[in-house]
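First up is the structure itself, then whatever we jot down about it.
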Amino acid sequence: MDIIREDCIFILKEAPVCWECLRDSRILITGGTGYYGKWFLKSFLYINEALSLNAHISVISRSPELFKKKYPEFAEQNSISFIQSDVRNLDTPYGRFDYLIHAATDVATNQEKDAPDEMLAVARYGTERILKYAKQVGVKKLLLTSSGAVYGIQPPDLDNMPETYQGMPTTIYGKAKKISENLCLESDINCTIARCYASVGPWLKLDIQYAVGNFILNLLNDEPIKIKSDGRPLRSYIYIADLMIWLWTILLNGDNKQIYNVGGNKAISIKTLANLVASVSNKNLTVLVQGQDNINLLPPRYVPDTSKAMARLGLKYNYTLNTGIQRTIEWHRQRI
């Protein structure tokens, strides 16, 4: 069972968009070698071939040869080309582009801690350069993948965070995404913004700061599932195939200068999430809560209100969290 191929088939079938919009089009993507980027490329390859769209996607990367060596499925594809460049230095016009997906500025704990200025510089100067380039090459629609981190701390008594909430980012990553958002909103480029929350699925890194990824790694290593907090924080998750349906739809159908939350809308505690991951194993894995409980405070929340995207763009949830976790674990097991 090729889980990624199944997901690409599902994306093509279930996205409420007219894929004909992409016929003979040229797409440019930044951040195309990251988590979202690989999913954009893989789903594009399948959709383009299945519908004979004659579309093409160009990936801006500082190290395209390294990426193609690590992910050979993207090498020697006629409908994919690579532009070796830092996004801040992109200058040469490589023909016209109809769509631009700006997905640079990955979540990276080492960069947040060790190189915050670099993260902010990529956001500011990279986005400024991309917007100028978009105008130069005739882009008719731009999608910025942002983050719920731009809101800052969600009030613990607010169940779901709406796009109208005027918060303030507290992390370097959140500040970087907010810079990119403001630049896009102030530009004269037709653009939409997707504020993304946590997801689960193939290609999610398991060894960085994503709790669900850490728990899955514990399971794959047949070791106790470790929770660093008290287990009470509340999060939500969306399976990657659903997330890609939402992102493609926001790119093709989203209104100019509109912001849409993208993520699961049902809160789950970190402890419940750990138990859910453990339940997929038949080895009765132990869940260890390492943080000290503080029942005197409401647990922190990070859960979006996604009613705007659902109502205006006809989006919905197709996968349960349980199914998403199972598919992610199965994909990793197939690669061991």
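All residue names refer to the structure tokens as shown: chains lettered A, B, ... in order, residues numbered from 1 in each chain, ligands numbered from 1 in order.
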Item to check | Selection: 9 Å around Leu298 of chain A, only C-alpha atoms, excl. self and same-chain fewer than 6 positions, as a list in words | outcome: Pro156, Asp157, Arg232 and Pro233 of chain A
So that each row is one residue of segment 161-186 of chain A with an atom at most 9 Å from segment 117-141 of chain A, can you give its shortest atom pair and the distance in Å to one decimal, using only C-alpha atoms, rows by chain and rising number, as a Markdown table?
```
| residue | atom | partner | partner_atom | distance |
| --- | --- | --- | --- | --- |
| A:Ile172 | CA | A:Leu120 | CA | 7.2 |
| A:Tyr173 | CA | A:Met119 | CA | 7.2 |
| A:Lys175 | CA | A:Leu120 | CA | 7.5 |
| A:Ala176 | CA | A:Leu120 | CA | 5.0 |
| A:Lys177 | CA | A:Ala123 | CA | 6.7 |
| A:Lys178 | CA | A:Ala123 | CA | 8.7 |
| A:Ile179 | CA | A:Arg124 | CA | 6.1 |
| A:Ser180 | CA | A:Ala123 | CA | 5.6 |
| A:Glu181 | CA | A:Thr127 | CA | 8.9 |
| A:Leu183 | CA | A:Glu128 | CA | 7.0 |
| A:Cys184 | CA | A:Leu131 | CA | 7.4 |
```
Now that the selection is made, can you save its residues with N, CA and C atoms as a compact mmCIF listing (two decimals), in the first residue's frame?
```
# COMPACT_ATOMS: atom_id res chain seq x y z
N ILE A 172 10.09 33.75 17.75
CA ILE A 172 10.75 34.30 16.57
C ILE A 172 10.05 33.80 15.31
N TYR A 173 9.66 32.54 15.32
CA TYR A 173 8.95 31.97 14.18
C TYR A 173 7.64 32.72 13.93
N LYS A 175 6.90 35.75 14.88
CA LYS A 175 7.21 37.11 14.43
C LYS A 175 7.61 37.11 12.96
N ALA A 176 8.36 36.09 12.55
CA ALA A 176 8.79 36.00 11.15
C ALA A 176 7.58 35.84 10.23
N LYS A 177 6.66 34.98 10.62
CA LYS A 177 5.47 34.79 9.80
C LYS A 177 4.60 36.04 9.77
N LYS A 178 4.54 36.76 10.89
CA LYS A 178 3.76 37.99 10.92
C LYS A 178 4.36 39.04 9.99
N ILE A 179 5.67 39.11 9.93
CA ILE A 179 6.34 40.03 9.00
C ILE A 179 5.95 39.70 7.57
N SER A 180 5.99 38.41 7.23
CA SER A 180 5.64 37.99 5.87
C SER A 180 4.18 38.31 5.56
N GLU A 181 3.31 38.06 6.52
CA GLU A 181 1.88 38.38 6.32
C GLU A 181 1.68 39.86 6.03
N LEU A 183 3.69 42.12 4.90
CA LEU A 183 4.23 42.51 3.60
C LEU A 183 3.29 42.09 2.47
N CYS A 184 2.73 40.89 2.57
CA CYS A 184 1.79 40.43 1.54
C CYS A 184 0.51 41.26 1.54
```
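We find atom CA of Trp246 of chain A and atom CA of Tyr94 of chain A to be spaced 28.3 Å apart.
Proximity of A:Ile80, A:Tyr99, A:Val59, A:Glu20 to Leu143 of chain A, computed with only C-alpha atoms, is greatest for A:Tyr99.
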Next on the checklist: Going by DSSP on the backbone, which residues of segment 45-294 of chain A come out as strand (DSSP E or B)? List them as a count of residues only.
Outcome noted: 49
Which residues, written as a tab-separated table (two decimals) with N, CA, C and O atoms, in the first residue's frame, have at least one atom at most 6 Å from Arg62 of chain A, with only C-alpha atoms counted and residues fewer than 5 positions away on the same chain left out?
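Heads up, here's the output in around_38.tsv:
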```
chain	number	residue	atom	x	y	z
A	84	GLN	N	18.42	27.20	-8.34
A	84	GLN	CA	19.34	27.28	-7.20
A	84	GLN	C	19.51	28.73	-6.79
A	84	GLN	O	20.13	29.53	-7.50
A	85	SER	N	18.95	29.07	-5.64
A	85	SER	CA	19.02	30.45	-5.18
A	85	SER	C	18.53	30.55	-3.74
A	85	SER	O	17.67	29.77	-3.32
A	86	ASP	N	19.08	31.47	-3.01
A	86	ASP	CA	18.47	31.90	-1.75
A	86	ASP	C	17.29	32.77	-2.12
A	86	ASP	O	17.37	33.59	-3.04
```
Checklist entry - Ala50 of chain A: which residues within 12 Å, counting only C-alpha atoms, same-chain residues fewer than 2 positions away excluded, as number ranges by chain? => result A: 5, 8-9, 11-13, 19-20, 23, 43-48, 52-55
Looking only at the backbone, which of the residues in segment 71-202 of chain A does DSSP tag as helix (DSSP H, G or I), as a PDB file with C-alpha atoms, in the first residue's frame?
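After the write, selection21.pdb holds the following:
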```pdb
ATOM      1  CA  PRO A  72      15.113  10.878  -5.922  1.00  0.00           C
ATOM      2  CA  GLU A  73      11.389  10.658  -6.703  1.00  0.00           C
ATOM      3  CA  PHE A  74      11.540  14.383  -7.468  1.00  0.00           C
ATOM      4  CA  VAL A  87      14.973  33.363  -1.777  1.00  0.00           C
ATOM      5  CA  ARG A  88      16.453  36.721  -0.765  1.00  0.00           C
ATOM      6  CA  ASN A  89      18.608  36.838  -3.879  1.00  0.00           C
ATOM      7  CA  THR A 109      14.064  24.934  16.970  1.00  0.00           C
ATOM      8  CA  ASN A 110      17.784  25.305  16.308  1.00  0.00           C
ATOM      9  CA  GLN A 111      17.180  28.402  14.190  1.00  0.00           C
ATOM     10  CA  GLU A 112      14.697  29.822  16.709  1.00  0.00           C
ATOM     11  CA  LYS A 113      17.354  29.447  19.393  1.00  0.00           C
ATOM     12  CA  ASP A 114      20.660  29.858  17.589  1.00  0.00           C
ATOM     13  CA  PRO A 116      16.813  34.165  15.213  1.00  0.00           C
ATOM     14  CA  ASP A 117      18.128  37.044  13.108  1.00  0.00           C
ATOM     15  CA  GLU A 118      18.495  34.722  10.121  1.00  0.00           C
ATOM     16  CA  MET A 119      14.899  33.540  10.487  1.00  0.00           C
ATOM     17  CA  LEU A 120      13.639  37.130  10.618  1.00  0.00           C
ATOM     18  CA  ALA A 121      15.851  38.159   7.692  1.00  0.00           C
ATOM     19  CA  VAL A 122      14.554  35.336   5.503  1.00  0.00           C
ATOM     20  CA  ALA A 123      11.010  36.392   6.361  1.00  0.00           C
ATOM     21  CA  ARG A 124      11.488  40.091   5.698  1.00  0.00           C
ATOM     22  CA  TYR A 125      13.916  40.225   2.806  1.00  0.00           C
ATOM     23  CA  GLY A 126      12.807  36.940   1.295  1.00  0.00           C
ATOM     24  CA  THR A 127       9.170  37.998   1.208  1.00  0.00           C
ATOM     25  CA  GLU A 128      10.053  41.462  -0.098  1.00  0.00           C
ATOM     26  CA  ARG A 129      12.065  39.853  -2.883  1.00  0.00           C
ATOM     27  CA  ILE A 130       9.322  37.320  -3.665  1.00  0.00           C
ATOM     28  CA  LEU A 131       6.665  40.030  -3.946  1.00  0.00           C
ATOM     29  CA  LYS A 132       8.801  42.068  -6.327  1.00  0.00           C
ATOM     30  CA  TYR A 133       9.581  38.936  -8.315  1.00  0.00           C
ATOM     31  CA  ALA A 134       5.897  37.994  -8.450  1.00  0.00           C
ATOM     32  CA  LYS A 135       5.128  41.303 -10.094  1.00  0.00           C
ATOM     33  CA  GLN A 136       8.086  40.939 -12.427  1.00  0.00           C
ATOM     34  CA  GLY A 148      -1.172  30.160  14.098  1.00  0.00           C
ATOM     35  CA  ALA A 149       1.961  31.286  15.927  1.00  0.00           C
ATOM     36  CA  VAL A 150       1.220  34.835  14.692  1.00  0.00           C
ATOM     37  CA  TYR A 151      -1.580  35.071  17.279  1.00  0.00           C
ATOM     38  CA  ILE A 172      10.747  34.303  16.572  1.00  0.00           C
ATOM     39  CA  TYR A 173       8.951  31.973  14.175  1.00  0.00           C
ATOM     40  CA  GLY A 174       5.626  33.682  14.871  1.00  0.00           C
ATOM     41  CA  LYS A 175       7.213  37.110  14.430  1.00  0.00           C
ATOM     42  CA  ALA A 176       8.788  35.996  11.149  1.00  0.00           C
ATOM     43  CA  LYS A 177       5.466  34.786   9.797  1.00  0.00           C
ATOM     44  CA  LYS A 178       3.756  37.993  10.922  1.00  0.00           C
ATOM     45  CA  ILE A 179       6.342  40.027   8.995  1.00  0.00           C
ATOM     46  CA  SER A 180       5.637  37.987   5.871  1.00  0.00           C
ATOM     47  CA  GLU A 181       1.883  38.377   6.323  1.00  0.00           C
ATOM     48  CA  ASN A 182       2.063  42.151   6.682  1.00  0.00           C
ATOM     49  CA  LEU A 183       4.234  42.506   3.599  1.00  0.00           C
ATOM     50  CA  CYS A 184       1.795  40.427   1.545  1.00  0.00           C
ATOM     51  CA  LEU A 185      -1.253  42.289   2.823  1.00  0.00           C
ATOM     52  CA  GLU A 186       0.357  45.650   2.052  1.00  0.00           C
TER      53      GLU A 186
END
```
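When only C-alpha atoms are used to measure the gap to Lys316 of chain A, the shortest distance among A:Ala15, A:Thr33, A:Gln166, A:Asp222 belongs to A:Ala15.
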Next on the checklist: When you look at segment 260-273 of chain A with a cut-off of 7 Å (counting only C-alpha atoms), what residues show up, excluding the ones that are within fewer than 3 positions of it in the same chain? I need them as a list in words.
Outcome noted: Glu163, Ile193, Ala194, Arg195, Cys196, Tyr197, Ala198, Ser199, Gly231, Arg232, Pro233, Leu234, Arg235, Ser236, Tyr237, Ile238, Leu243, Leu276, Val277, Val303, Pro304, Asp305, Thr306, Lys308 and Ala309 of chain A
Checklist entry - Which polymer residues have any atom within 8 Å of an atom of Ala104 of chain A, counting only C-alpha atoms, with same-chain residues fewer than 2 positions away left out, as a ChimeraX atom specification? => result /A:30-32,102,106,123
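Among the candidates A:Val289, A:Leu247, A:Trp39, A:Ser229, the residue lying nearest to Asp7 of chain A is A:Trp39 (atoms considered: only C-alpha atoms).
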Checklist outcome for this item: Counting only C-alpha atoms, closest pick from A:Met244, A:Leu217, A:Leu252, A:Cys18 relative to Asn190 of chain A is A:Leu252
